[in-house]
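**Student:** Mind having a look at this structure? Questions to follow.
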Amino acid sequence: MADVQLRGVRKSFGNTEILRGIDLDIQHGEFVVFVGPSGCGKSTLLRAISGLEEITSGDLLIGGQRMNHVDPSRRGIAMVFQSYALYPHMTVRENMGFALKHAGVAKDVVAQKVASAATILGLDPLMERKPKDLSGGQRQRVAIGRAIVRDPQVFLFDEPLSNLDAELRVHMRIEIARLHRELGSTIIYVTHDQVEAMTLADKIVVLRAGQVEQVGAPLELYDNPANQFVAGFIGSPSMNFLDGTVVAHQPSTSLHQGPNLCQVRLHAFADSVVSLPLDGQHLPAIGTQVTVGLRPEHFHEGGDATLPVTVDMLEHLGGETFVYARSSSNAMLVMESKNGRTLRAGDVLNARFEANKALLFDKNGQRIYCR
Ligand SMILES: Nc1ncnc2c1ncn2[C@@H]1O[C@H](COP(=O)(O)OP(=O)(O)OP(=O)(O)O)[C@@H](O)[C@H]1O
Ligand SMILES: [Mg+2]
């Protein structure tokens with residue numbers, strides 16, 4: 001186990017710079033998840049840490065040692081990929097022990113490490129089977145077992161569960177969380193799955209176009225995104241964004257030491273004006289173009305607000321319903337509804353939102369703080 005540090009890490013393929021100066025501190029024993037749109041450089045970053053790709057400039061330290069030019073096999077790292085690529089002619093036991101045997105480790109040591117990994121992963125009854133006789137989840141467990149036997153300082157996972165069906169993914173997600181708890185190892189994990197990222201991570205790193213947009217605990221990123229990109233990327237369905245203009249301020253009175261009110265005209269709602277209570281003294285100036293961000297769970301139907309929406313489509317998930325609706329100016333919105341079962345496409349609702357949950361972004365997508 002070890003901490004991992006990246007200092008100004010850059011990687012180019014030919015003339016194209018893919019990683020554009022990554023600074024990151026990963027603590028010993030931490031579970032860190034990389035997320036970001038396809039092509040933003042997640043796999044490249046993982047491969048750079050593992051040594052499968054050489055970094056163009058910057059420093060990579062593992063356990064305090066500079067690793068830039070250290071051979072992948074000597075970095076104390078094990079990588080698990082989306083395609084588990086087991087040797088088809090070998091049994092589970094042979095697959096798991098192969099790398100150690102190949103490295104000349106004594107037979108009894110290999111046997112003991114394989115046995116211990118098999119127990120951790122619940123593979124004991126399957127040890128003499130060939131990969132073709134295993135389910136997808138079992139094969140992925142063997143691939144993880146192959147990594148465990150090497151006692152790595154750091155585990156790297158690149159979308160390890162994306163080939164599995166939904167039920168197996170949930171199962172393996174819990175297994176991986178348990179594994180992390182039992183081994184206490186440092187894990188760096190890439191996924192497209194919001195639930196995996198939110199539930200597994202101690203810390204999420206949001207990447208965009210080869211740069212880090214924000215690093216933080218899952219709920220910190222969810223509640224307090226630094227910019228519109230992170231706000232829109234974390235959470236499913238995504239946050240709603242409504243363009244507007246600041247039209248008036250109403251300072252809190254000395255009698256009521258509440259937040260200041262910022263009145264914003266929403267273009268999506270035929271210029272209806274909403275009052276947003278904002279903490280802090282420095283409200284955006286009158287006339288400022290802003291984007292109001294609101295999560296689906298902070299939008300409700302009913303109430304006396306004057307934000308009419310027309311229901312387009314309903315997603316019933318059992319306990320709750322996501323309502324996809326259009327505003328009077330045809331902006332798309334998502335609302336979460338607890339009693340959405342009675343709704344039908346074409347229904348017109350009065351939307352009301354929890355104004356104290358609204359976030360404000362400037363025209364460059366940066367968060368407006370009013371402190
Ligand atoms: N060997 C290579 N040569 C040239 N370009 C490459 C090479 N490997 C990756 N790239 C490019 O680098 C960019 C980042 O790729 P990478 O695989 O890291 O993305 P990713 O974030 O893992 O995406 P995904 O979510 O689709 O897996 C892409 O534009 C890709 O085409
Ligand atoms: Mg990738």
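Residues are named by chain letter and number: chains run A, B, ... in the order of the structure tokens, numbers start at 1 in each chain, and ligands are numbered from 1 in the order shown.
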Would you list the residues that come within 12 Å of ligand 2? Count only C-alpha atoms and all ligand atoms and give the answer as a list of chain:residue names.
**Tutor:** A:Phe34, A:Val35, A:Gly36, A:Pro37, A:Ser38, A:Gly39, A:Cys40, A:Gly41, A:Lys42, A:Ser43, A:Thr44, A:Leu45, A:Leu46, A:Arg47, A:Phe81, A:Gln82, A:Ser83, A:Phe157, A:Asp158, A:Glu159, A:Pro160, A:Ser162, A:Tyr189, A:Val190, A:Thr191, A:His192, A:Leu207
**Student:** Store the residues picked out above, limited to N, CA and C atoms, as a CSV table (one decimal), in the first residue's frame.
**Tutor:**
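Saved the output as again.csv:
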```
chain,number,residue,atom,x,y,z
A,34,PHE,N,-12.0,7.8,-10.9
A,34,PHE,CA,-11.9,8.8,-12.0
A,34,PHE,C,-13.1,8.7,-12.8
A,35,VAL,N,-13.8,9.9,-13.0
A,35,VAL,CA,-14.9,9.9,-13.9
A,35,VAL,C,-14.7,11.1,-14.9
A,36,GLY,N,-15.4,11.0,-16.0
A,36,GLY,CA,-15.3,12.1,-17.0
A,36,GLY,C,-15.8,11.5,-18.4
A,37,PRO,N,-16.1,12.4,-19.3
A,37,PRO,CA,-16.7,12.0,-20.6
A,37,PRO,C,-15.7,11.1,-21.3
A,38,SER,N,-16.2,10.3,-22.2
A,38,SER,CA,-15.4,9.4,-23.1
A,38,SER,C,-14.3,10.2,-23.8
A,39,GLY,N,-13.1,9.7,-23.7
A,39,GLY,CA,-12.0,10.3,-24.4
A,39,GLY,C,-11.3,11.4,-23.6
A,40,CYS,N,-11.7,11.6,-22.4
A,40,CYS,CA,-11.1,12.7,-21.6
A,40,CYS,C,-9.7,12.3,-21.0
A,41,GLY,N,-9.4,11.1,-21.1
A,41,GLY,CA,-8.0,10.7,-20.7
A,41,GLY,C,-7.9,9.8,-19.4
A,42,LYS,N,-9.1,9.2,-19.0
A,42,LYS,CA,-9.1,8.4,-17.8
A,42,LYS,C,-8.1,7.2,-17.9
A,43,SER,N,-8.3,6.4,-19.0
A,43,SER,CA,-7.5,5.2,-19.2
A,43,SER,C,-6.1,5.6,-19.4
A,44,THR,N,-5.8,6.7,-20.1
A,44,THR,CA,-4.4,7.1,-20.4
A,44,THR,C,-3.8,7.5,-19.0
A,45,LEU,N,-4.5,8.1,-18.1
A,45,LEU,CA,-3.9,8.5,-16.8
A,45,LEU,C,-3.6,7.2,-16.0
A,46,LEU,N,-4.5,6.2,-16.1
A,46,LEU,CA,-4.3,5.0,-15.3
A,46,LEU,C,-3.1,4.3,-15.9
A,47,ARG,N,-3.0,4.3,-17.2
A,47,ARG,CA,-1.9,3.6,-17.9
A,47,ARG,C,-0.6,4.3,-17.6
A,81,PHE,N,-8.6,-4.9,-15.9
A,81,PHE,CA,-9.3,-4.3,-17.0
A,81,PHE,C,-10.7,-4.7,-17.2
A,82,GLN,N,-11.4,-4.0,-18.1
A,82,GLN,CA,-12.8,-4.4,-18.4
A,82,GLN,C,-12.9,-5.8,-19.0
A,83,SER,N,-11.9,-6.1,-19.9
A,83,SER,CA,-11.9,-7.4,-20.5
A,83,SER,C,-10.8,-8.2,-19.7
A,157,PHE,N,-8.1,-0.1,-11.5
A,157,PHE,CA,-9.2,-0.8,-12.1
A,157,PHE,C,-9.7,0.1,-13.3
A,158,ASP,N,-9.8,-0.5,-14.5
A,158,ASP,CA,-10.3,0.3,-15.6
A,158,ASP,C,-11.7,-0.3,-16.0
A,159,GLU,N,-12.8,0.3,-15.6
A,159,GLU,CA,-14.1,-0.1,-15.8
A,159,GLU,C,-14.3,-1.6,-15.7
A,160,PRO,N,-13.9,-2.2,-14.5
A,160,PRO,CA,-13.9,-3.6,-14.4
A,160,PRO,C,-15.2,-4.3,-14.5
A,162,SER,N,-18.0,-3.2,-16.4
A,162,SER,CA,-18.9,-2.8,-17.4
A,162,SER,C,-19.3,-3.9,-18.4
A,189,TYR,N,-9.8,3.8,-9.6
A,189,TYR,CA,-10.9,3.0,-10.3
A,189,TYR,C,-11.5,3.9,-11.3
A,190,VAL,N,-11.6,3.5,-12.5
A,190,VAL,CA,-12.3,4.3,-13.6
A,190,VAL,C,-13.7,3.7,-13.8
A,191,THR,N,-14.7,4.5,-13.9
A,191,THR,CA,-16.0,4.0,-14.3
A,191,THR,C,-16.8,5.1,-14.9
A,192,HIS,N,-17.8,4.6,-15.7
A,192,HIS,CA,-18.8,5.5,-16.3
A,192,HIS,C,-20.1,5.5,-15.4
A,207,LEU,N,-12.6,14.5,-14.5
A,207,LEU,CA,-11.7,14.9,-15.5
A,207,LEU,C,-12.5,15.4,-16.7
```
**Student:** A:Tyr87: which residues within 10 Å, counting only C-alpha atoms, same-chain residues fewer than 2 positions away excluded, as number ranges by chain?
**Tutor:** A: 84-85, 89-92, 94-96, 98, 130-132
**Student:** Using 12 Å as the limit and counting only C-alpha atoms, can you tabulate each residue of stretch 94-170 of chain A that touches stretch 4-25 of chain A, with its shortest atom-to-atom distance in Å and the two atoms involved, as CSV?
**Tutor:**
```
residue,atom,partner,partner_atom,distance
A:Gln153,CA,A:Val4,CA,9.8
A:Val154,CA,A:Val4,CA,8.4
A:Phe155,CA,A:Val4,CA,11.2
A:Leu156,CA,A:Val4,CA,11.6
```
**Student:** Calculate how many Å separate atom CA of A:Val264 from atom CA of A:Asn224, rounding to one decimal.
**Tutor:** 20.6 Å
**Student:** Sort by chain and increasing residue number a table of all residues of stretch 210-269 of chain A within 7 Å of stretch 294-301 of chain A, each with its closest pair of atoms and their distance in Å to one decimal, counting only C-alpha atoms, and write it as a Markdown table.
**Tutor:**
```
| residue | atom | partner | partner_atom | distance |
| --- | --- | --- | --- | --- |
| A:Met239 | CA | A:Arg295 | CA | 4.4 |
| A:Asn240 | CA | A:Leu294 | CA | 5.1 |
| A:Phe241 | CA | A:Leu294 | CA | 6.6 |
```
**Student:** What is the atom CA of A:Val348 to atom CA of A:Ser238 distance in Å?
**Tutor:** 22.0 Å
**Student:** Using only C-alpha atoms, which of the listed residues (A:Glu354, A:Gln27, A:Pro277, A:Arg367) sits closest to A:Pro225?
**Tutor:**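 Once distances to A:Pro225 are computed over only C-alpha atoms, the minimum belongs to A:Arg367.
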**Student:** Give me the residues near A:Glu213 as number ranges by chain, where near means some atom within 10 Å (using only C-alpha atoms) and where sequence neighbours in that chain fewer than 5 positions away do not count.
**Tutor:** A: 36, 205-208, 225-227, 229-230
**Student:** Using only C-alpha atoms and all ligand atoms, which of the listed residues (A:Glu128, A:Glu53, A:Glu336, A:Asp362) sits closest to ligand 1?
**Tutor:**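 When distances to ligand 1 are compared using only C-alpha atoms and all ligand atoms, the smallest one comes from A:Glu53.
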**Student:** Identify, with DSSP run on backbone atoms, the residues in stretch 76-319 of chain A assigned to strand (DSSP E), and express the list as number ranges by chain.
**Tutor:** A: 77-80, 154-158, 186-190, 203-208, 211-216, 240-250, 260-266, 272-278, 289-294, 299-301, 307-316
